[in-house]
Structure formats: structure tokens, C-alpha cells
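Pasted below: upload04.cif, mmCIF, C-alpha atoms.
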```
data_coords
#
loop_
_atom_site.label_atom_id
_atom_site.label_comp_id
_atom_site.auth_asym_id
_atom_site.auth_seq_id
_atom_site.Cartn_x
_atom_site.Cartn_y
_atom_site.Cartn_z
CA MET W 1 106.84 114.09 171.20
CA ALA W 2 107.26 117.26 169.16
CA LYS W 3 106.53 117.08 165.46
CA GLY W 4 109.16 118.21 162.99
CA LEU W 5 108.48 120.53 160.08
CA LEU W 6 111.09 118.88 157.85
CA VAL W 7 109.64 115.41 158.43
CA THR W 8 106.18 116.78 157.66
CA TYR W 9 107.32 118.22 154.33
CA VAL W 10 109.03 114.92 153.41
CA LEU W 11 105.87 112.96 154.15
CA TRP W 12 103.86 115.58 152.25
CA VAL W 13 105.99 114.96 149.16
CA ILE W 14 106.06 111.16 149.48
CA GLY W 15 102.48 110.41 150.48
CA GLY W 16 100.70 113.74 150.55
CA PRO W 17 97.68 112.77 148.39
CA ALA W 18 97.14 109.77 150.68
CA GLY W 19 97.28 111.93 153.84
CA LEU W 20 100.50 110.45 155.23
CA HIS W 21 101.67 113.77 156.70
CA HIS W 22 98.31 114.30 158.41
CA LEU W 23 98.58 110.85 159.95
CA TYR W 24 101.99 111.83 161.31
CA LEU W 25 100.55 115.03 162.81
CA GLY W 26 97.65 113.22 164.43
CA ARG W 27 95.07 114.78 162.11
CA ASP W 28 93.23 111.52 161.39
CA SER W 29 90.08 113.11 159.97
CA HIS W 30 92.16 115.13 157.53
CA ALA W 31 94.15 112.01 156.61
CA LEU W 32 90.94 110.08 155.88
CA LEU W 33 89.60 112.96 153.80
CA TRP W 34 92.77 112.96 151.70
CA MET W 35 92.66 109.16 151.35
CA LEU W 36 89.10 109.28 149.99
CA THR W 37 89.63 112.25 147.67
CA LEU W 38 93.31 111.77 146.74
CA GLY W 39 94.34 114.99 148.36
CA GLY W 40 91.28 116.93 147.33
CA GLY W 41 91.85 116.08 143.68
CA GLY W 42 95.48 117.15 144.06
CA LEU W 43 94.54 120.81 144.48
CA GLY W 44 94.14 120.60 148.24
CA TRP W 45 97.42 118.77 148.55
CA LEU W 46 99.27 121.52 146.63
CA TRP W 47 97.51 124.29 148.53
CA GLU W 48 98.71 122.75 151.83
CA PHE W 49 102.33 123.54 151.01
CA TRP W 50 101.89 126.95 152.64
CA LYS W 51 99.78 125.60 155.53
CA LEU W 52 102.11 122.91 156.84
CA PRO W 53 103.93 125.17 159.35
CA SER W 54 100.63 126.06 161.01
CA PHE W 55 99.61 122.39 161.04
CA VAL W 56 102.86 121.45 162.78
CA ALA W 57 102.45 124.24 165.32
CA GLN W 58 98.88 123.14 165.97
CA ALA W 59 99.98 119.53 166.48
CA ASN W 60 102.69 120.60 168.95
CA ARG W 61 100.12 122.57 170.94
CA ALA W 62 97.80 119.57 171.11
CA GLN W 63 99.23 118.40 174.45
CA GLU W 64 98.56 121.81 175.97
CA TRP W 65 94.96 121.72 174.71
CA LYS W 66 94.47 118.28 176.27
CA GLN W 67 95.40 119.67 179.66
CA SER W 68 93.17 122.74 179.30
CA PRO W 69 90.56 122.22 176.54
CA ARG W 70 89.72 125.25 174.43
CA GLU W 71 86.40 126.92 175.00
CA GLY W 72 84.20 129.10 172.84
CA ILE W 73 83.15 128.82 169.22
CA PRO W 74 85.67 128.52 166.38
CA PRO W 75 85.62 131.38 163.86
CA LEU W 76 83.41 130.96 160.81
CA SER W 77 85.40 129.71 157.83
CA PRO W 78 84.04 130.18 154.28
CA ILE W 79 86.71 127.76 153.03
CA ARG W 80 85.57 125.02 155.41
CA PHE W 81 81.93 125.65 154.48
CA THR W 82 82.74 125.39 150.76
CA ALA W 83 84.73 122.22 151.36
CA GLN W 84 81.81 120.73 153.29
CA MET W 85 79.51 121.44 150.34
CA ILE W 86 81.92 119.93 147.80
CA VAL W 87 82.73 116.80 149.80
CA GLY W 88 79.05 116.30 150.64
CA ILE W 89 78.25 116.38 146.91
CA TYR W 90 81.19 114.06 146.19
CA PHE W 91 80.03 111.51 148.78
CA GLY W 92 76.51 111.74 147.36
CA LEU W 93 77.73 111.08 143.81
CA MET W 94 79.74 108.07 144.96
CA ALA W 95 76.66 106.74 146.78
CA LEU W 96 74.60 107.19 143.61
CA ILE W 97 77.08 105.08 141.69
CA SER W 98 77.45 102.27 144.23
CA LEU W 99 74.26 102.19 146.32
CA SER W 100 71.40 103.63 144.25
CA SER W 101 69.96 100.14 143.65
CA MET W 102 69.20 99.67 147.34
CA ALA W 103 65.66 100.09 148.64
CA ASN W 104 64.78 103.56 150.01
CA PHE W 105 68.11 104.89 148.78
CA TYR W 106 66.94 108.51 148.43
CA ILE W 107 65.50 108.50 151.96
CA VAL W 108 68.26 106.61 153.80
CA GLY W 109 71.41 106.01 151.76
CA LEU W 110 71.80 109.36 150.02
CA PRO W 111 71.30 111.71 153.02
CA LEU W 112 73.51 109.46 155.16
CA ALA W 113 76.34 109.58 152.60
CA VAL W 114 76.09 113.35 152.09
CA GLY W 115 75.85 114.02 155.82
CA LEU W 116 78.90 111.91 156.59
CA GLY W 117 80.88 113.76 153.92
CA VAL W 118 79.96 117.09 155.49
CA LEU W 119 80.81 115.85 158.98
CA LEU W 120 84.18 114.54 157.81
CA VAL W 121 85.21 118.03 156.69
CA ALA W 122 83.74 119.54 159.86
CA ALA W 123 86.03 117.27 161.92
CA VAL W 124 89.24 118.36 160.18
CA GLY W 125 91.83 119.90 162.50
CA ASN W 126 90.85 120.88 166.03
CA GLN W 127 87.18 121.44 165.20
CA THR W 128 84.10 119.25 164.95
CA SER W 129 80.33 119.61 164.79
CA ASP W 130 77.16 118.08 166.12
CA PHE W 131 76.63 114.62 164.63
CA LYS W 132 72.90 114.23 165.34
CA ASN W 133 71.82 117.67 164.18
CA THR W 134 73.80 117.51 160.94
CA LEU W 135 72.55 114.08 159.96
CA GLY W 136 69.03 114.95 161.15
CA VAL W 137 68.85 117.94 158.82
CA ALA W 138 70.23 115.82 155.96
CA PHE W 139 67.45 113.25 156.43
CA LEU W 140 64.78 115.96 156.73
CA THR W 141 65.96 117.58 153.51
CA SER W 142 66.07 114.31 151.51
CA PRO W 143 62.42 114.47 150.28
CA ILE W 144 63.31 117.61 148.25
CA PHE W 145 63.72 116.49 144.62
CA TYR W 146 63.06 112.93 145.83
CA GLY W 147 64.23 110.30 143.36
CA ARG W 148 66.43 112.71 141.41
CA PRO W 149 70.23 113.08 141.64
CA ILE W 150 69.88 116.85 142.07
CA ALA W 151 68.61 116.08 145.59
CA ILE W 152 72.28 115.98 146.57
CA LEU W 153 72.52 119.78 146.35
CA PRO W 154 69.88 120.81 148.93
CA ILE W 155 70.96 118.00 151.28
CA SER W 156 74.59 119.08 151.16
CA LEU W 157 73.70 122.76 151.56
CA ALA W 158 71.40 122.17 154.54
CA ALA W 159 73.88 119.81 156.23
CA SER W 160 76.77 122.25 155.71
CA ILE W 161 74.81 125.16 157.18
CA THR W 162 73.87 123.04 160.19
CA ALA W 163 77.44 121.83 160.68
CA GLN W 164 78.68 125.42 160.65
CA LYS W 165 75.98 126.50 163.07
CA HIS W 166 76.95 123.80 165.59
CA ARG W 167 80.73 124.02 165.12
CA ARG W 168 82.87 123.66 168.23
CA TYR W 169 86.36 122.72 169.33
CA LYS W 170 87.10 119.04 169.89
CA ALA W 171 87.03 117.78 173.45
CA SER W 172 90.23 116.44 174.96
CA VAL W 173 90.74 112.68 174.57
CA GLU W 174 93.41 110.23 175.61
CA SER W 175 96.13 109.53 173.07
CA GLU W 176 95.62 106.33 171.06
CA THR W 177 98.23 104.00 169.69
CA LEU W 178 99.07 104.11 166.00
CA SER W 179 97.65 100.62 165.47
CA VAL W 180 94.23 101.65 166.83
CA ARG W 181 94.20 104.78 164.66
CA LEU W 182 95.16 102.80 161.56
CA TYR W 183 92.47 100.23 162.35
CA ARG W 184 89.79 102.91 162.49
CA LEU W 185 91.02 104.61 159.35
CA GLY W 186 91.07 101.26 157.57
CA LEU W 187 87.49 100.49 158.52
CA ALA W 188 86.33 103.91 157.38
CA TYR W 189 88.23 103.55 154.09
CA LEU W 190 86.72 100.12 153.44
CA ALA W 191 83.24 101.40 154.25
CA PHE W 192 83.65 104.02 151.51
CA THR W 193 85.47 101.99 148.85
CA GLY W 194 83.89 98.57 149.52
CA PRO W 195 80.53 99.25 147.83
CA LEU W 196 82.30 100.93 144.90
CA ALA W 197 84.64 97.98 144.43
CA TYR W 198 81.79 95.46 144.70
CA SER W 199 79.71 97.34 142.13
CA ALA W 200 82.63 97.68 139.73
CA LEU W 201 83.74 94.03 139.98
CA CYS W 202 80.46 92.15 140.46
CA ASN W 203 77.96 94.36 138.65
CA THR W 204 80.04 96.11 136.03
CA ALA W 205 77.31 96.81 133.48
CA ALA W 206 74.98 98.38 136.03
CA THR W 207 77.87 100.36 137.52
CA LEU W 208 78.74 101.79 134.11
CA SER W 209 75.12 102.80 133.72
CA TYR W 210 75.07 104.47 137.15
CA VAL W 211 78.32 106.30 136.38
CA ALA W 212 76.99 107.59 133.07
CA GLU W 213 73.67 108.68 134.58
CA THR W 214 75.36 110.30 137.57
CA LEU W 215 77.88 112.20 135.46
CA GLY W 216 75.12 113.23 133.08
CA SER W 217 73.07 114.63 135.95
CA PHE W 218 76.17 116.35 137.30
CA LEU W 219 76.79 118.04 133.94
CA SER W 220 73.18 119.19 133.74
CA TRP W 221 73.72 121.25 136.90
CA PHE W 222 76.06 123.51 134.90
CA SER W 223 73.44 124.42 132.30
CA PHE W 224 73.32 127.98 133.68
CA PHE W 225 77.13 128.31 133.50
CA PRO W 226 78.06 127.41 129.89
CA LEU W 227 81.81 128.02 130.19
CA LEU W 228 82.17 125.97 133.37
CA GLY W 229 79.91 123.29 131.93
CA HIS W 230 82.02 123.06 128.77
CA LEU W 231 85.16 122.67 130.87
CA MET W 232 83.60 119.87 132.91
CA GLU W 233 82.40 118.15 129.73
CA SER W 234 85.91 118.20 128.29
CA VAL W 235 87.35 116.70 131.46
CA LEU W 236 84.72 113.97 131.68
CA LEU W 237 85.09 113.09 128.00
CA LEU W 238 88.78 112.24 128.40
CA PRO W 239 88.21 108.58 129.45
CA TYR W 240 86.21 107.89 126.29
CA ARG W 241 88.78 109.62 124.06
CA ILE W 242 91.57 107.58 125.66
CA TRP W 243 89.50 104.39 125.31
CA CYS W 244 89.02 105.05 121.58
CA LEU W 245 92.74 105.65 121.10
CA LEU W 246 93.60 102.38 122.85
CA VAL W 247 91.02 100.01 121.38
CA GLY W 248 89.93 101.81 118.21
CA ASP W 249 86.34 102.02 117.02
CA PRO W 250 84.08 100.86 119.89
CA GLY W 251 81.23 99.93 117.56
CA PHE W 252 77.86 101.58 117.31
CA ASN W 253 76.17 98.89 119.37
CA SER W 254 78.98 98.43 121.91
CA SER W 255 77.64 98.17 125.46
CA TYR W 256 80.32 100.62 126.64
CA PHE W 257 79.33 103.03 123.90
CA GLN W 258 75.65 102.83 124.84
CA GLU W 259 76.38 103.53 128.49
CA TRP W 260 78.64 106.49 127.70
CA GLU W 261 75.98 107.77 125.29
CA LYS W 262 73.80 108.78 128.23
CA LEU W 263 76.59 111.12 129.29
CA TYR W 264 77.35 112.37 125.80
CA GLU W 265 73.77 113.56 125.32
CA PHE W 266 75.03 116.71 127.03
CA VAL W 267 77.96 117.14 124.66
CA HIS W 268 77.37 118.73 121.28
CA SER W 269 80.44 117.22 119.66
CA PHE W 270 79.12 113.73 120.36
CA GLN W 271 76.42 114.18 117.73
CA ASP W 272 79.04 114.30 114.97
CA GLU W 273 80.68 111.10 116.19
CA LYS W 274 77.30 109.45 116.54
CA ARG W 275 76.37 110.28 112.94
CA GLN W 276 79.75 109.05 111.70
CA LEU W 277 79.14 105.67 113.31
CA ALA W 278 75.63 105.62 111.86
CA TYR W 279 77.06 106.17 108.37
CA GLN W 280 79.47 103.28 108.94
CA VAL W 281 76.65 100.95 109.99
CA LEU W 282 74.68 101.76 106.83
CA GLY W 283 77.78 101.48 104.67
CA LEU W 284 77.61 105.07 103.47
CA SER W 285 80.01 107.95 103.22
CA GLU W 286 79.36 111.20 105.05
CA GLY W 287 77.13 113.59 103.18
CA ALA W 288 74.97 110.86 101.62
CA THR W 289 71.59 112.04 100.37
CA ASN W 290 68.27 111.13 101.95
CA GLU W 291 67.54 108.76 99.05
CA GLU W 292 70.85 106.95 99.55
CA ILE W 293 70.26 106.63 103.30
CA HIS W 294 66.75 105.31 102.78
CA ARG W 295 67.83 102.86 100.04
CA SER W 296 70.73 101.48 102.09
CA TYR W 297 68.47 101.12 105.11
CA ARG W 298 65.86 99.17 103.12
CA GLU W 299 68.46 96.85 101.64
CA LEU W 300 70.12 96.10 104.96
CA VAL W 301 66.77 95.55 106.67
CA LYS W 302 65.91 92.90 104.09
CA VAL W 303 69.27 91.21 104.56
CA TRP W 304 69.19 91.16 108.37
CA HIS W 305 65.46 90.82 109.01
CA PRO W 306 65.10 88.21 111.82
CA ASP W 307 62.40 86.38 109.87
CA HIS W 308 64.89 85.81 107.03
CA ASN W 309 67.69 84.57 109.31
CA GLN W 310 66.20 81.82 111.42
CA HIS W 311 69.57 80.03 111.51
CA GLN W 312 71.30 83.01 113.17
CA THR W 313 68.54 84.76 115.04
CA GLU W 314 70.64 86.47 117.71
CA GLU W 315 73.15 87.90 115.24
CA ALA W 316 70.35 89.03 112.93
CA GLN W 317 68.53 90.79 115.76
CA ARG W 318 71.73 92.53 116.83
CA HIS W 319 72.43 93.81 113.31
CA PHE W 320 68.78 94.72 112.83
CA LEU W 321 68.81 96.87 115.96
CA GLU W 322 72.02 98.57 114.89
CA ILE W 323 70.56 99.35 111.47
CA GLN W 324 67.36 100.76 112.95
CA ALA W 325 69.23 102.89 115.48
CA ALA W 326 71.66 104.19 112.85
CA TYR W 327 68.84 105.05 110.45
CA GLU W 328 66.95 106.79 113.22
CA VAL W 329 69.98 108.96 114.07
CA LEU W 330 70.48 110.05 110.46
CA SER W 331 66.77 110.50 109.79
CA GLN W 332 66.26 112.67 112.86
CA HIS W 333 69.25 114.76 111.84
CA ARG W 334 67.62 115.38 108.44
CA LYS W 335 63.91 115.09 109.30
CA PRO W 336 63.47 115.09 113.06
CA ARG W 337 59.69 114.88 113.02
CA ALA W 338 59.03 112.44 110.20
CA SER W 339 61.72 109.81 110.43
CA ARG W 340 59.92 107.23 112.51
CA ARG W 341 57.38 106.41 109.81
CA PHE W 342 60.13 104.66 107.80
CA ILE W 343 61.01 102.22 110.56
CA THR W 344 59.84 98.73 109.61
CA ARG W 345 57.57 97.05 112.12
CA VAL W 346 58.71 93.49 112.85
CA HIS W 347 57.76 90.89 115.38
CA LEU W 348 60.55 90.59 117.93
CA SER W 349 60.77 89.22 121.44
CA PRO W 350 59.65 91.63 124.23
CA PHE W 351 63.25 92.00 125.38
CA VAL W 352 64.48 93.01 121.94
CA GLU W 353 61.55 95.36 121.40
CA GLU W 354 62.24 97.07 124.70
CA ARG W 355 65.95 97.37 123.84
CA ALA W 356 65.21 98.81 120.41
CA THR W 357 62.76 101.32 121.86
CA LYS W 358 65.34 102.41 124.44
CA MET W 359 67.99 102.94 121.77
CA LEU W 360 65.63 104.93 119.57
CA ASN W 361 64.45 107.04 122.48
CA LEU W 362 68.05 107.83 123.37
CA GLY W 363 68.61 108.97 119.83
CA SER W 364 65.52 111.19 119.92
CA TYR W 365 66.50 112.76 123.20
CA SER W 366 70.07 113.49 122.18
CA SER W 367 68.98 115.06 118.88
CA THR W 368 66.60 117.42 120.58
CA GLY W 369 68.91 118.16 123.53
CA ALA W 370 72.02 119.01 121.61
#
```

Structure rendered as C-alpha cells:
Amino acid sequence: MAKGLLVTYVLWVIGGPAGLHHLYLGRDSHALLWMLTLGGGGLGWLWEFWKLPSFVAQANRAQEWKQSPREGIPPLSPIRFTAQMIVGIYFGLMALISLSSMANFYIVGLPLAVGLGVLLVAAVGNQTSDFKNTLGVAFLTSPIFYGRPIAILPISLAASITAQKHRRYKASVESETLSVRLYRLGLAYLAFTGPLAYSALCNTAATLSYVAETLGSFLSWFSFFPLLGHLMESVLLLPYRIWCLLVGDPGFNSSYFQEWEKLYEFVHSFQDEKRQLAYQVLGLSEGATNEEIHRSYRELVKVWHPDHNQHQTEEAQRHFLEIQAAYEVLSQHRKPRASRRFITRVHLSPFVEERATKMLNLGSYSSTGA
């Protein structure tokens, strides 16, 4: 049955970002790609406006290709190669967020996710690539930068080069019913979104940490391109800005704030907000002198010292950690090398000591990295 251009444009408008028009044209791989990326972040969906006539013509020639399969090698496409790189990185980042806690993740999970992302783009339209070779190269490349998120880059590059080298036209296959196609697309969609949903719903705190670490690593890749890096920082900071507008001050010791802090270490403007919160914790106005900061810190430490609050130990420890972290931020801003000598040594549980050390180390890193 011939495909109509008008129907395709209507479906493109109604469900374009979800790949509805590609499903209508029998381009299941392209439909799945749009489902998992929301139309390539919206940009790919808009760019397709001018490509739909060629997609419809290609779909109407599909029956002819089934009778006499095309031979030869498809022309090299820089756009397809770039898309393979981007989607491979995207799949790798999603795997980092949802699967990085699994054993041997950087040897098995990460190259598999990146390789499948590359292969998905390679299978768009009437082309495909060699499954074994592409995944094989992804696994062989995985030891490069082992254990670090930047490993996604060489894996995606090697897999994309291999997929382009082994590109070919798809072989003719029998037509499948819509229910079978939807069943396969549904399984593939669940395989991608299932781990993300499980991590977000059942392990929210760890997922937030993975997201912050992953985005922070992603931003660090732009260190050689300041303008592009600044743009990406502004985009990724929007969720936190919106969160602050909706709920107000998140609190210096808020778990959400601590997780986002790992990302904000790469954003210079975050240092100002961090110091403002530190001033609030110590009950000071901005621009307070070193003597005022030190005096307020000493007074609050005496008030909230865990040894002096046996009747409310947990609350005292929480306030004590906030005070220490706030003082450390302000002291490092004024005296980055000498501030730690003022921190009072107290006997806390191993868990609290580890938590305090982590907070102080985060403050040291962000002060030196800004």
C-alpha cells in the first residue's frame, strides 16, 4: 500500500518526536531512535521537515527493493557518522546513570550500551552494519580510560568508524504485521527505559549522585572549548534554578544540594551561591570580616557540639557538620591554605566523620577548580 505524503506530515506534527511518522513509513529503527531521544532533542524532528518527501519515496520503493535487493555499498555519510557518535555517547551516559553500580560495568555494560547506540543509528533507513564487528570493537576499546566516564568517547568513536566501514544495504525480509513491530519496539523501549526508571524510583539518592557525576564528567570534556562549555553549563543549570524558584532555599545541607554540588564544581557562578548559603548558616551578612566569621563559628560550635547535646545527638551532628562545612567554604575563600587549622577536632561516629570529610573535600576541590 502506497504511503501518502500528507498523512506523513500530519503524523510528523502530531507525534513526530515519538517517531509516529517513521512507524507509518515502516522505518522502525528510526522510530525507536526518535522514541529514545525525543526526536533527536527536537532538532532532528525539525530538520526532518525537508526530508519527509524522500522518506515517503523511499518507503514506496521498498516493495521493489524486496523483489530485487540492492547491491553495493551505501555512500559514506558524515551526518550518519556524526549521529552515530552522538547517540553512542548518549547511550553511554544513560548507562552510566542507571547501570554503573553493576559489576564489570566498564568492561561489559558500557561498551554494550555505546555499541547498541551506534548500531541503532547505523540501521536507520535502508542501511545497516555488521553487528559482531561493531560490538567487538566497542568491547576491545573499553579498557581505554577504564573506570572513567571519558571512556565513552573512544568507544563511541571506534564503534562508529567500524559501523561505517561495514555499512551495507538491508537484506530483503518478509513484511511483518503492525502488532509484531509494536511488540519489538516496546521491548526495545523497555530495555532502555527500564533500568532508568528502576534507578530513579527505587534508588533515588544514588541515581541523583550518578546524574551529577555523569553531567560533571560531561562538562569537563568541554574544558578546551570555553564558549561551548559555558553554554552547556547554562543549559544543565536550569533544573536547579527552576527547583530553587519552586521550593525556595534548598538549605546548605540539603541532600539534593549536595548531589548537585558535584556538578556545580564546574560552574564559577556556583561559588557565589555557595558562599551566600555559608553566610546564612553562620548567621552573618555578606562581607563579614575574618574575625566575625571566626567568632561566629566558635560560638555556634560550642552551641551545637555533639558532646553538649546528648539529648538531641542527631540534630546536633547535622548542625555541627553544616557549621564546619560553611566555615570551611568561607575560610578557603579568604585563606585557602590555612583554614583547616581552625576546624575543631571532635569525636564523632565513623559515618559522620566520613560524611564531614567528604563535604570538606568537596569544598576544597570546588574552591581550587573554579

W:Gly287, W:Pro195, W:Gly42, W:Pro53 ranked by distance to W:Thr8, top pick (using all atoms listed in the file):
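Distance minimum relative to W:Thr8 lands on W:Pro53.
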
Exercise: stretch 158-175 of chain W partners within 9 Å, all atoms listed in the file, chain neighbours under 2 positions left out, as a ChimeraX atom specification
/W:65-77,80-82,84-85,88,114-115,118-119,122-123,125-131,133-138,141,153-156,177

Å distance separating atom CA of W:Leu330 from atom CA of W:Arg275, one decimal place
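Going from atom CA of W:Leu330 over to atom CA of W:Arg275, I get 6.4 Å.
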
Between atom CA of W:Ile97 and atom CA of W:His30, what is the distance in Å, rounded to a tenth?
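These atoms are spaced 24.1 Å apart.
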
Identify, on the basis of all atoms listed in the file, every residue whose closest approach to stretch 189-194 of chain W does not exceed 8 Å; exclude the query and any residue fewer than 2 positions from it along the same chain; express the result as a list in words.
Leu32, Met35, Leu36, Leu185, Gly186, Leu187, Leu196, Ala197 and Tyr198 of chain W

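Atom to atom, atom CA of W:Val10 and atom CA of W:Tyr24 stand 11.0 Å apart.
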
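Non-sequential neighbours of stretch 99-111 of chain W (distance at most 7 Å, separation of 6 or more positions within a chain, all atoms listed in the file) are Gly92, Ala138, Phe139, Ser142, Pro143, Tyr146, Gly147 and Ile155 of chain W.
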
Would you translate the PyMOL selection byres ((chain W and resi 307) around 12) into the concrete set of residues it matches in this file, as a PyMOL selection string?
chain W and resi 301-306+308-314+316-317+320+345-348

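The protein and nucleic acid residues lying at most 10 Å from W:Arg181 are Leu23, Gly26, Asp28 and Ser175 of chain W, with all atoms listed in the file considered and sequence neighbours fewer than 6 positions away removed.
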
Applying 12 Å and all atoms listed in the file, which residues near W:Glu48 remain after dropping the ones on its own chain fewer than 2 positions away? List them as a list of chain:residue names.
W:Thr8, W:Tyr9, W:Trp12, W:Val13, W:Gly16, W:Pro17, W:Gly19, W:His21, W:His22, W:His30, W:Trp34, W:Gly39, W:Gly40, W:Gly42, W:Leu43, W:Gly44, W:Trp45, W:Leu46, W:Trp50, W:Lys51, W:Leu52, W:Pro53, W:Ser54, W:Phe55, W:Val56

Identify the residues around (82.2, 112.9, 106.6) within a radius of 10 Å, measuring from all atoms listed in the file in the coordinates stated by the file, and give them as a ChimeraX atom specification.
/W:272-273,275-276,279,284-288

With the PyMOL selection byres ((chain W and resi 296) around 10) as the selection, what would be picked from this file? Answer as an NGL selection string, please.
:W and (281-284 or 290-295 or 297-301 or 323 or 327)

Store the residues of this selection in a file with C-alpha atoms, as a compact mmCIF listing (two decimals), keeping the file's coordinate frame.
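Result file result_1.txt:
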```txt
# COMPACT_ATOMS: atom_id res chain seq x y z
CA VAL W 281 76.65 100.95 109.99
CA LEU W 282 74.68 101.76 106.83
CA GLY W 283 77.78 101.48 104.67
CA LEU W 284 77.61 105.07 103.47
CA ASN W 290 68.27 111.13 101.95
CA GLU W 291 67.54 108.76 99.05
CA GLU W 292 70.85 106.95 99.55
CA ILE W 293 70.26 106.63 103.30
CA HIS W 294 66.75 105.31 102.78
CA ARG W 295 67.83 102.86 100.04
CA TYR W 297 68.47 101.12 105.11
CA ARG W 298 65.86 99.17 103.12
CA GLU W 299 68.46 96.85 101.64
CA LEU W 300 70.12 96.10 104.96
CA VAL W 301 66.77 95.55 106.67
CA ILE W 323 70.56 99.35 111.47
CA TYR W 327 68.84 105.05 110.45
```
